[in-house]
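protein-v3.cif (mmCIF, C-alpha atoms) appears below.
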data_upload
#
loop_
_atom_site.group_PDB
_atom_site.id
_atom_site.type_symbol
_atom_site.label_atom_id
_atom_site.label_comp_id
_atom_site.auth_asym_id
_atom_site.auth_seq_id
_atom_site.Cartn_x
_atom_site.Cartn_y
_atom_site.Cartn_z
ATOM 1 C CA MET A 1 86.379 18.115 133.881
ATOM 2 C CA LYS A 2 83.905 17.477 136.683
ATOM 3 C CA LEU A 3 83.236 13.856 137.609
ATOM 4 C CA LEU A 4 79.818 12.666 138.789
ATOM 5 C CA SER A 5 79.792 9.369 140.684
ATOM 6 C CA ILE A 6 76.483 7.477 140.792
ATOM 7 C CA VAL A 7 76.407 4.940 143.638
ATOM 8 C CA VAL A 8 73.833 2.162 143.228
ATOM 9 C CA PRO A 9 73.522 -0.464 146.013
ATOM 10 C CA CYS A 10 71.912 -3.642 144.661
ATOM 11 C CA TYR A 11 70.558 -6.860 146.111
ATOM 12 C CA ASN A 12 68.929 -9.361 143.735
ATOM 13 C CA GLU A 13 68.222 -6.733 141.058
ATOM 14 C CA GLU A 14 68.742 -9.025 138.056
ATOM 15 C CA GLU A 15 65.343 -8.216 136.508
ATOM 16 C CA VAL A 16 65.505 -4.438 136.768
ATOM 17 C CA LEU A 17 69.236 -3.982 136.104
ATOM 18 C CA PRO A 18 68.999 -3.802 132.261
ATOM 19 C CA LEU A 19 66.217 -1.213 132.537
ATOM 20 C CA PHE A 20 68.253 0.870 134.966
ATOM 21 C CA TYR A 21 71.417 0.677 132.855
ATOM 22 C CA ASP A 22 69.612 1.799 129.713
ATOM 23 C CA LYS A 23 67.891 4.647 131.545
ATOM 24 C CA ILE A 24 70.913 5.965 133.428
ATOM 25 C CA THR A 25 73.035 5.784 130.257
ATOM 26 C CA GLU A 26 70.404 7.733 128.340
ATOM 27 C CA VAL A 27 70.137 10.435 131.012
ATOM 28 C CA MET A 28 73.881 10.776 131.502
ATOM 29 C CA ASN A 29 74.611 10.943 127.763
ATOM 30 C CA SER A 30 72.121 13.792 127.568
ATOM 31 C CA MET A 31 73.711 15.562 130.550
ATOM 32 C CA THR A 32 77.269 15.231 129.230
ATOM 33 C CA GLN A 33 76.139 16.728 125.932
ATOM 34 C CA GLU A 34 74.513 19.642 127.743
ATOM 35 C CA TYR A 35 77.509 20.063 130.064
ATOM 36 C CA PRO A 36 80.688 19.249 128.073
ATOM 37 C CA ASP A 37 82.853 19.646 131.190
ATOM 38 C CA LEU A 38 80.967 16.833 132.963
ATOM 39 C CA THR A 39 81.767 13.134 132.904
ATOM 40 C CA TYR A 40 80.419 10.288 135.030
ATOM 41 C CA GLU A 41 80.941 6.870 136.565
ATOM 42 C CA VAL A 42 78.369 4.402 137.859
ATOM 43 C CA VAL A 43 79.506 2.476 140.942
ATOM 44 C CA PHE A 44 77.317 -0.591 141.408
ATOM 45 C CA VAL A 45 77.540 -2.382 144.768
ATOM 46 C CA ASP A 46 76.526 -6.042 144.856
ATOM 47 C CA ASP A 47 75.356 -6.747 148.389
ATOM 48 C CA GLY A 48 75.801 -10.526 148.201
ATOM 49 C CA SER A 49 73.043 -11.060 145.621
ATOM 50 C CA LYS A 50 71.835 -14.629 145.067
ATOM 51 C CA ASP A 51 70.678 -14.114 141.486
ATOM 52 C CA LYS A 52 72.619 -13.006 138.400
ATOM 53 C CA THR A 53 73.070 -9.385 139.452
ATOM 54 C CA LEU A 54 76.853 -9.749 139.642
ATOM 55 C CA GLU A 55 76.967 -11.270 136.152
ATOM 56 C CA GLY A 56 75.160 -8.182 134.893
ATOM 57 C CA PHE A 57 77.781 -5.950 136.527
ATOM 58 C CA ARG A 58 80.562 -7.918 134.873
ATOM 59 C CA LYS A 59 78.923 -7.614 131.464
ATOM 60 C CA TYR A 60 78.386 -3.872 131.692
ATOM 61 C CA ALA A 61 81.863 -3.236 133.120
ATOM 62 C CA ALA A 62 83.423 -5.175 130.247
ATOM 63 C CA MET A 63 81.698 -3.098 127.556
ATOM 64 C CA ASP A 64 81.386 0.311 129.250
ATOM 65 C CA ASP A 65 84.297 2.173 130.862
ATOM 66 C CA HIS A 66 81.843 4.300 132.833
ATOM 67 C CA ILE A 67 80.792 1.253 134.859
ATOM 68 C CA ARG A 68 82.518 0.169 138.057
ATOM 69 C CA TYR A 69 81.341 -2.298 140.654
ATOM 70 C CA ILE A 70 82.075 -3.776 144.055
ATOM 71 C CA SER A 71 80.895 -7.236 145.076
ATOM 72 C CA PHE A 72 80.662 -8.146 148.758
ATOM 73 C CA SER A 73 81.706 -11.514 150.164
ATOM 74 C CA ARG A 74 78.171 -11.867 151.573
ATOM 75 C CA ASN A 75 75.062 -9.810 152.293
ATOM 76 C CA PHE A 76 75.967 -6.933 154.633
ATOM 77 C CA GLY A 77 72.844 -4.799 154.140
ATOM 78 C CA LYS A 78 71.986 -1.668 152.178
ATOM 79 C CA GLU A 79 73.672 0.643 154.691
ATOM 80 C CA SER A 80 76.990 -1.111 154.106
ATOM 81 C CA GLY A 81 76.374 -0.961 150.359
ATOM 82 C CA MET A 82 75.880 2.796 150.422
ATOM 83 C CA PHE A 83 78.952 3.300 152.609
ATOM 84 C CA ALA A 84 81.121 1.146 150.310
ATOM 85 C CA GLY A 85 79.892 2.996 147.233
ATOM 86 C CA LEU A 86 80.611 6.376 148.786
ATOM 87 C CA GLN A 87 84.096 5.225 149.757
ATOM 88 C CA ALA A 88 84.792 3.955 146.244
ATOM 89 C CA SER A 89 83.390 7.040 144.499
ATOM 90 C CA LYS A 90 85.900 9.426 142.949
ATOM 91 C CA GLY A 91 83.571 12.188 141.797
ATOM 92 C CA ASP A 92 83.384 15.868 142.578
ATOM 93 C CA TYR A 93 79.670 15.163 142.979
ATOM 94 C CA VAL A 94 78.151 11.910 144.225
ATOM 95 C CA VAL A 95 74.646 10.513 143.806
ATOM 96 C CA VAL A 96 73.145 7.680 145.838
ATOM 97 C CA MET A 97 70.142 5.990 144.233
ATOM 98 C CA ASP A 98 68.359 2.641 143.933
ATOM 99 C CA ALA A 99 68.361 0.453 140.833
ATOM 100 C CA ASP A 100 64.599 -0.206 140.865
ATOM 101 C CA LEU A 101 63.860 3.166 139.175
ATOM 102 C CA GLN A 102 61.802 4.328 142.152
ATOM 103 C CA HIS A 103 64.445 7.047 142.240
ATOM 104 C CA PRO A 104 63.847 8.565 138.771
ATOM 105 C CA PRO A 105 67.123 9.262 136.904
ATOM 106 C CA GLU A 106 65.299 12.108 135.133
ATOM 107 C CA PHE A 107 65.767 14.145 138.319
ATOM 108 C CA LEU A 108 69.569 14.171 137.955
ATOM 109 C CA PRO A 109 69.819 17.230 135.650
ATOM 110 C CA LYS A 110 67.646 19.268 138.022
ATOM 111 C CA MET A 111 69.690 18.098 141.023
ATOM 112 C CA TYR A 112 72.921 18.969 139.240
ATOM 113 C CA LYS A 113 71.723 22.524 138.594
ATOM 114 C CA TYR A 114 70.861 23.064 142.247
ATOM 115 C CA VAL A 115 74.166 21.725 143.600
ATOM 116 C CA SER A 116 76.557 22.950 140.903
ATOM 117 C CA SER A 117 75.231 26.499 141.345
ATOM 118 C CA GLY A 118 76.836 26.537 144.793
ATOM 119 C CA GLU A 119 73.568 27.478 146.481
ATOM 120 C CA TYR A 120 73.088 23.979 147.901
ATOM 121 C CA ASP A 121 75.405 21.193 149.045
ATOM 122 C CA CYS A 122 72.807 18.476 148.540
ATOM 123 C CA ALA A 123 69.661 17.940 146.483
ATOM 124 C CA THR A 124 67.309 15.158 147.494
ATOM 125 C CA THR A 125 63.785 13.996 146.805
ATOM 126 C CA ARG A 126 60.879 13.964 149.218
ATOM 127 C CA ARG A 127 57.795 11.840 148.637
ATOM 128 C CA VAL A 128 54.557 13.772 149.042
ATOM 129 C CA SER A 129 52.418 10.697 148.378
ATOM 130 C CA ARG A 130 52.709 6.991 149.063
ATOM 131 C CA ASP A 131 50.699 5.660 146.122
ATOM 132 C CA GLY A 132 51.050 1.906 145.719
ATOM 133 C CA GLU A 133 51.973 1.419 149.379
ATOM 134 C CA SER A 134 49.654 -0.230 151.890
ATOM 135 C CA LYS A 135 47.783 2.063 154.272
ATOM 136 C CA VAL A 136 49.173 0.226 157.312
ATOM 137 C CA ARG A 137 52.748 0.640 156.110
ATOM 138 C CA SER A 138 52.189 4.313 155.275
ATOM 139 C CA TRP A 139 50.639 4.960 158.683
ATOM 140 C CA PHE A 140 53.570 3.404 160.537
ATOM 141 C CA ALA A 141 56.058 5.298 158.362
ATOM 142 C CA ARG A 142 54.465 8.652 159.192
ATOM 143 C CA LYS A 143 54.315 7.790 162.893
ATOM 144 C CA PHE A 144 57.988 6.842 162.846
ATOM 145 C CA TYR A 145 59.006 10.256 161.498
ATOM 146 C CA LYS A 146 56.836 12.040 164.076
ATOM 147 C CA ILE A 147 58.226 10.012 166.979
ATOM 148 C CA MET A 148 61.802 10.311 165.701
ATOM 149 C CA ASN A 149 61.635 14.075 165.397
ATOM 150 C CA LYS A 150 60.191 14.414 168.907
ATOM 151 C CA ILE A 151 62.760 12.268 170.703
ATOM 152 C CA SER A 152 65.847 13.125 168.633
ATOM 153 C CA GLN A 153 67.769 16.360 168.151
ATOM 154 C CA THR A 154 68.409 15.327 164.532
ATOM 155 C CA GLU A 155 65.478 16.290 162.326
ATOM 156 C CA ILE A 156 64.520 13.742 159.681
ATOM 157 C CA VAL A 157 62.133 15.098 157.055
ATOM 158 C CA ASP A 158 59.042 12.962 156.489
ATOM 159 C CA GLY A 159 59.246 11.296 153.082
ATOM 160 C CA ALA A 160 62.921 12.128 152.528
ATOM 161 C CA GLN A 161 64.680 9.547 150.361
ATOM 162 C CA ASP A 162 68.173 8.064 150.152
ATOM 163 C CA PHE A 163 68.208 9.479 146.597
ATOM 164 C CA ARG A 164 70.725 12.289 147.131
ATOM 165 C CA PHE A 165 72.985 14.407 144.954
ATOM 166 C CA MET A 166 75.887 15.624 147.129
ATOM 167 C CA THR A 167 79.086 17.599 146.916
ATOM 168 C CA ARG A 168 82.377 15.875 147.695
ATOM 169 C CA GLN A 169 82.633 17.909 150.907
ATOM 170 C CA MET A 170 79.343 16.504 152.188
ATOM 171 C CA VAL A 171 80.283 12.963 151.126
ATOM 172 C CA ASP A 172 83.587 13.195 152.985
ATOM 173 C CA SER A 173 81.684 14.371 156.060
ATOM 174 C CA VAL A 174 79.358 11.363 155.848
ATOM 175 C CA LEU A 175 82.343 9.024 155.432
ATOM 176 C CA SER A 176 83.976 10.508 158.523
ATOM 177 C CA LEU A 177 81.211 8.843 160.564
ATOM 178 C CA THR A 178 82.550 5.294 160.571
ATOM 179 C CA GLU A 179 80.076 3.798 163.036
ATOM 180 C CA TYR A 180 79.213 0.131 162.457
ATOM 181 C CA ASN A 181 75.486 0.508 163.171
ATOM 182 C CA ARG A 182 74.495 2.914 160.420
ATOM 183 C CA PHE A 183 71.240 4.771 159.799
ATOM 184 C CA SER A 184 71.911 6.914 156.752
ATOM 185 C CA LYS A 185 68.732 8.979 156.904
ATOM 186 C CA GLY A 186 69.876 10.227 160.293
ATOM 187 C CA ILE A 187 73.513 10.585 159.235
ATOM 188 C CA PHE A 188 72.618 12.719 156.204
ATOM 189 C CA SER A 189 70.607 15.010 158.470
ATOM 190 C CA TRP A 190 73.186 15.040 161.263
ATOM 191 C CA VAL A 191 76.061 16.284 159.071
ATOM 192 C CA GLY A 192 73.905 19.254 158.072
ATOM 193 C CA PHE A 193 74.842 21.330 154.994
ATOM 194 C CA ARG A 194 72.399 23.167 152.745
ATOM 195 C CA VAL A 195 69.782 20.782 151.379
ATOM 196 C CA LYS A 196 67.235 21.307 148.602
ATOM 197 C CA TYR A 197 64.150 19.063 148.827
ATOM 198 C CA ILE A 198 62.436 18.211 145.551
ATOM 199 C CA GLU A 199 58.880 16.956 146.007
ATOM 200 C CA TYR A 200 57.593 14.098 143.885
ATOM 201 C CA HIS A 201 54.923 11.418 143.907
ATOM 202 C CA ASN A 202 55.787 7.831 144.724
ATOM 203 C CA VAL A 203 56.948 5.662 141.811
ATOM 204 C CA GLU A 204 56.536 1.888 141.893
ATOM 205 C CA ARG A 205 59.339 -0.523 141.075
ATOM 206 C CA ALA A 206 60.029 -1.033 137.387
ATOM 207 C CA ALA A 207 60.547 -4.793 137.876
ATOM 208 C CA GLY A 208 61.324 -7.389 140.528
ATOM 209 C CA THR A 209 60.243 -7.374 144.170
ATOM 210 C CA THR A 210 61.470 -5.328 147.096
ATOM 211 C CA ALA A 211 63.621 -6.942 149.779
ATOM 212 C CA TRP A 212 62.171 -4.591 152.404
ATOM 213 C CA SER A 213 59.402 -6.410 154.253
ATOM 214 C CA PHE A 214 57.343 -4.731 156.965
ATOM 215 C CA TRP A 215 59.367 -6.546 159.641
ATOM 216 C CA LYS A 216 62.709 -5.419 158.154
ATOM 217 C CA LEU A 217 61.480 -1.822 158.001
ATOM 218 C CA PHE A 218 60.352 -2.075 161.620
ATOM 219 C CA LEU A 219 63.788 -3.293 162.721
ATOM 220 C CA TYR A 220 65.394 -0.558 160.624
ATOM 221 C CA SER A 221 63.261 2.058 162.384
ATOM 222 C CA LEU A 222 64.413 0.724 165.759
ATOM 223 C CA GLU A 223 67.992 1.027 164.486
ATOM 224 C CA GLY A 224 67.367 4.686 163.737
ATOM 225 C CA ILE A 225 65.808 5.395 167.127
ATOM 226 C CA VAL A 226 68.666 3.756 169.018
ATOM 227 C CA ALA A 227 71.293 5.420 166.807
ATOM 228 C CA PHE A 228 70.010 8.983 167.142
ATOM 229 C CA SER A 229 68.154 9.199 170.437
ATOM 230 C CA THR A 230 68.743 8.265 174.074
ATOM 231 C CA ALA A 231 65.131 9.026 175.014
ATOM 232 C CA PRO A 232 64.178 5.329 175.330
ATOM 233 C CA LEU A 233 66.691 5.024 178.163
ATOM 234 C CA ALA A 234 64.593 7.482 180.167
ATOM 235 C CA ILE A 235 61.594 5.146 179.879
ATOM 236 C CA ALA A 236 63.075 2.884 182.558
ATOM 237 C CA SER A 237 63.259 5.765 185.040
ATOM 238 C CA VAL A 238 59.770 7.026 184.181
ATOM 239 C CA LEU A 239 58.207 3.582 184.521
ATOM 240 C CA GLY A 240 60.036 3.078 187.811
ATOM 241 C CA VAL A 241 58.614 6.304 189.216
ATOM 242 C CA ILE A 242 55.111 5.437 187.977
ATOM 243 C CA SER A 243 55.349 1.960 189.538
ATOM 244 C CA CYS A 244 56.399 3.451 192.888
ATOM 245 C CA ILE A 245 53.488 5.910 192.827
ATOM 246 C CA ILE A 246 50.978 3.170 191.995
ATOM 247 C CA ALA A 247 52.409 0.927 194.708
ATOM 248 C CA PHE A 248 52.214 3.761 197.274
ATOM 249 C CA ILE A 249 48.595 4.553 196.362
ATOM 250 C CA MET A 250 47.633 0.878 196.511
ATOM 251 C CA ALA A 251 49.248 0.526 199.921
ATOM 252 C CA ILE A 252 47.232 3.490 201.245
ATOM 253 C CA VAL A 253 43.999 2.065 199.773
ATOM 254 C CA VAL A 254 44.637 -1.337 201.342
ATOM 255 C CA VAL A 255 45.352 0.170 204.764
ATOM 256 C CA ILE A 256 42.233 2.380 204.681
ATOM 257 C CA LYS A 257 39.958 -0.458 203.491
ATOM 258 C CA THR A 258 41.310 -2.793 206.183
ATOM 259 C CA LEU A 259 41.351 -0.415 209.148
ATOM 260 C CA ALA A 260 38.355 1.781 208.368
ATOM 261 C CA PHE A 261 35.965 -0.677 206.721
ATOM 262 C CA GLY A 262 37.320 -4.042 207.842
ATOM 263 C CA GLU A 263 37.355 -5.436 204.310
ATOM 264 C CA PRO A 264 39.650 -8.419 203.776
ATOM 265 C CA VAL A 265 42.468 -8.014 201.231
ATOM 266 C CA ALA A 266 42.464 -10.525 198.388
ATOM 267 C CA GLY A 267 45.917 -12.057 198.668
ATOM 268 C CA PHE A 268 46.657 -14.326 195.706
ATOM 269 C CA PRO A 269 45.042 -12.324 192.846
ATOM 270 C CA THR A 270 46.634 -9.082 194.055
ATOM 271 C CA THR A 271 50.066 -10.690 194.415
ATOM 272 C CA ALA A 272 49.862 -12.397 191.019
ATOM 273 C CA CYS A 273 48.873 -9.185 189.236
ATOM 274 C CA LEU A 274 51.652 -7.201 190.918
ATOM 275 C CA ILE A 275 54.267 -9.828 190.062
ATOM 276 C CA LEU A 276 53.192 -9.924 186.407
ATOM 277 C CA LEU A 277 53.070 -6.122 186.195
ATOM 278 C CA LEU A 278 56.438 -5.494 187.786
ATOM 279 C CA GLY A 279 58.045 -8.448 185.986
ATOM 280 C CA GLY A 280 56.822 -7.179 182.632
ATOM 281 C CA LEU A 281 58.059 -3.659 183.333
ATOM 282 C CA GLN A 282 61.459 -4.959 184.361
ATOM 283 C CA LEU A 283 61.839 -7.118 181.259
ATOM 284 C CA PHE A 284 60.716 -4.238 179.042
ATOM 285 C CA THR A 285 63.217 -1.782 180.501
ATOM 286 C CA ILE A 286 65.992 -4.377 180.499
ATOM 287 C CA GLY A 287 65.233 -4.941 176.816
ATOM 288 C CA ILE A 288 65.721 -1.234 176.107
ATOM 289 C CA LEU A 289 69.023 -1.232 177.952
ATOM 290 C CA GLY A 290 69.977 -4.394 176.086
ATOM 291 C CA GLN A 291 69.487 -2.696 172.709
ATOM 292 C CA TYR A 292 71.907 0.082 173.593
ATOM 293 C CA LEU A 293 74.346 -2.380 175.131
ATOM 294 C CA ALA A 294 74.221 -4.560 172.008
ATOM 295 C CA LYS A 295 74.993 -1.577 169.766
ATOM 296 C CA THR A 296 77.894 -0.589 172.021
ATOM 297 C CA TYR A 297 79.141 -4.178 171.943
ATOM 298 C CA MET A 298 79.148 -4.248 168.127
ATOM 299 C CA GLU A 299 80.903 -0.878 167.940
ATOM 300 C CA CYS A 300 83.622 -1.989 170.375
ATOM 301 C CA LYS A 301 84.446 -5.006 168.212
ATOM 302 C CA LYS A 302 85.499 -2.632 165.413
ATOM 303 C CA ARG A 303 84.609 -5.126 162.714
ATOM 304 C CA PRO A 304 84.771 -3.858 159.107
ATOM 305 C CA ILE A 305 81.475 -2.550 157.742
ATOM 306 C CA TYR A 306 81.857 -4.760 154.648
ATOM 307 C CA LEU A 307 84.267 -7.170 152.942
ATOM 308 C CA VAL A 308 84.979 -7.037 149.195
ATOM 309 C CA ARG A 309 85.217 -10.186 147.094
ATOM 310 C CA GLU A 310 85.507 -8.693 143.620
ATOM 311 C CA THR A 311 85.633 -5.366 141.740
ATOM 312 C CA GLU A 312 85.482 -4.270 138.086
ATOM 313 C CA GLU A 313 89.286 -4.481 137.933
ATOM 314 C CA PHE A 314 88.888 -8.268 137.954
ATOM 315 C CA VAL A 315 87.000 -8.155 134.636
ATOM 316 C CA ARG A 316 89.197 -5.556 132.972
ATOM 317 C CA ASP A 317 92.448 -7.263 134.000
ATOM 318 C CA LYS A 318 91.084 -10.536 132.631
ATOM 319 C CA ASN A 319 90.173 -8.924 129.318
ATOM 320 C CA ASN A 320 93.578 -7.251 129.028
ATOM 321 C CA ASN A 321 95.315 -10.561 129.627
#

With the file now loaded, output its structure as structure tokens.
Amino acid sequence: MKLLSIVVPCYNEEEVLPLFYDKITEVMNSMTQEYPDLTYEVVFVDDGSKDKTLEGFRKYAAMDDHIRYISFSRNFGKESGMFAGLQASKGDYVVVMDADLQHPPEFLPKMYKYVSSGEYDCATTRRVSRDGESKVRSWFARKFYKIMNKISQTEIVDGAQDFRFMTRQMVDSVLSLTEYNRFSKGIFSWVGFRVKYIEYHNVERAAGTTAWSFWKLFLYSLEGIVAFSTAPLAIASVLGVISCIIAFIMAIVVVIKTLAFGEPVAGFPTTACLILLLGGLQLFTIGILGQYLAKTYMECKKRPIYLVRETEEFVRDKNNN
């Protein structure tokens, strides 16, 4: 028997959870009938939800042996949720997907065919449209991918999703990267392997609201840049050279104007502008260095990526007793 593990990180997904459970159960029952040698488990990860998401996990785990779950002691973020789910998965194949049904479960049979054939190690989806998303957000997303691919040696495909169907070998490779500051889109690309991209049009959430605001996505993009590129560190050197050139040119201009034409040099405005310019450049470059130093600081602490408060064994042990 081949085991398929479906990892589903969740944060405040109370509204959409019943819809997802019904859909994934329907799809997997159909797949197990088509492939008798295939069985499955769904590993839900509760990322410190504040609604009744955990209660839903307990209910489904109590009535369905295919359901497992992990509940964090607090909110650690989606990256930690994905990492915990991958660690807990036992399958020969592992899927990572969201509970909001923006990652259509109907794609799983197609993904399974690609990966189980041995031709690919991973099958993932790639959005070719951003319907339902604001134009500003879409524009920044496309610019992020362009910038990232120019400054990083790790190529990240525009529109690629976290919705991935992977072999155990690829999952183990991802888990071998135990860095605290995680950017999974980059990690999935960095480990390599043979990947099949399936194009599809954007699907809106089935219910509930997304926890990803524009500001959170912006910070997440900075996380990716710092994690997979050192190009920003070169900005300090480039700006320093540019500042020296400008200062040298200005000095020549001042000398020529004073000696050749006898024009007085405006003292206070010139000094104020130079101080503000150089001060701003210094703070900007120090900020870049600070980002890398902060990431190094967090890595050196070697704190756990997540802490578990409860698993499905809690429910099943209680029922057995």

| said: Using all atoms listed in the file - which residues lie no farther than 12 Å from the point (68.9, -14.6, 147.5) in the file's frame? Write them as a list in words. | reply: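 In the file's frame, the residues around the point are Cys10, Tyr11, Asn12, Glu13, Glu14, Asp46, Asp47, Gly48, Ser49, Lys50, Asp51, Lys52, Thr53, Arg74, Asn75, Thr209, Thr210 and Ala211 of chain A.
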
Export, as a CSV table (one decimal), in the coordinates of the input, the selected residues with C-alpha atoms.
chain,number,residue,atom,x,y,z
A,10,CYS,CA,71.9,-3.6,144.7
A,11,TYR,CA,70.6,-6.9,146.1
A,12,ASN,CA,68.9,-9.4,143.7
A,13,GLU,CA,68.2,-6.7,141.1
A,14,GLU,CA,68.7,-9.0,138.1
A,46,ASP,CA,76.5,-6.0,144.9
A,47,ASP,CA,75.4,-6.7,148.4
A,48,GLY,CA,75.8,-10.5,148.2
A,49,SER,CA,73.0,-11.1,145.6
A,50,LYS,CA,71.8,-14.6,145.1
A,51,ASP,CA,70.7,-14.1,141.5
A,52,LYS,CA,72.6,-13.0,138.4
A,53,THR,CA,73.1,-9.4,139.5
A,74,ARG,CA,78.2,-11.9,151.6
A,75,ASN,CA,75.1,-9.8,152.3
A,209,THR,CA,60.2,-7.4,144.2
A,210,THR,CA,61.5,-5.3,147.1
A,211,ALA,CA,63.6,-6.9,149.8

The distance between CA of Gly279 (chain A) and CA of Ala247 (chain A) is 14.0 Å

Calculate, to one decimal in Å, the centre and edge lengths of the box along x, y and z of the file that holds all listed atoms of region 71-79 of chain A with 8 Å of margin on each side, and present them as JSON.
{"center_x": 76.8, "center_y": -5.6, "center_z": 149.9, "size_x": 25.7, "size_y": 28.5, "size_z": 25.6}

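Atom pair CA of Glu15 (chain A) / CA of Phe44 (chain A): separated by 15.0 Å.
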
Give me the residues within 10 Å of Leu108 (chain A) as a list of chain:residue names, counting only C-alpha atoms and dropping any in the same chain fewer than 4 places off.
A:Ile24, A:Val27, A:Met28, A:Met31, A:Val95, A:His103, A:Pro104, A:Tyr112, A:Lys113, A:Tyr114, A:Ala123, A:Thr124, A:Phe163, A:Arg164, A:Phe165

Top pick for closest residue to Leu38 (chain A), considering A:Val8, A:Leu17, A:Leu3, A:Leu239 and counting only C-alpha atoms: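 Looking only at the distances to Leu38 (chain A), the closest residue turns out to be A:Leu3.
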
Using the chain letters and numbers from this file, what does the PyMOL selection byres ((chain A and resi 64) around 12) select? Give the answer as a ChimeraX atom specification.
/A:21-22,25,40-42,56-63,65-69,312,315-316

What separates CA of Leu289 (chain A) and CA of Ile305 (chain A) is a distance of 23.8 Å

**Message:** Could you list, as a PyMOL selection string, every residue within 9 Å of Glu179 (chain A), counting all atoms listed in the file and ignoring same-chain residues fewer than 3 positions away?
**Reply:** chain A and resi 176+182+299+302+305

The residue from A:Val308, A:Ala260, A:Leu274, A:Val174 with the smallest atom-to-atom distance to Ile187 (chain A), counting only C-alpha atoms, is A:Val174
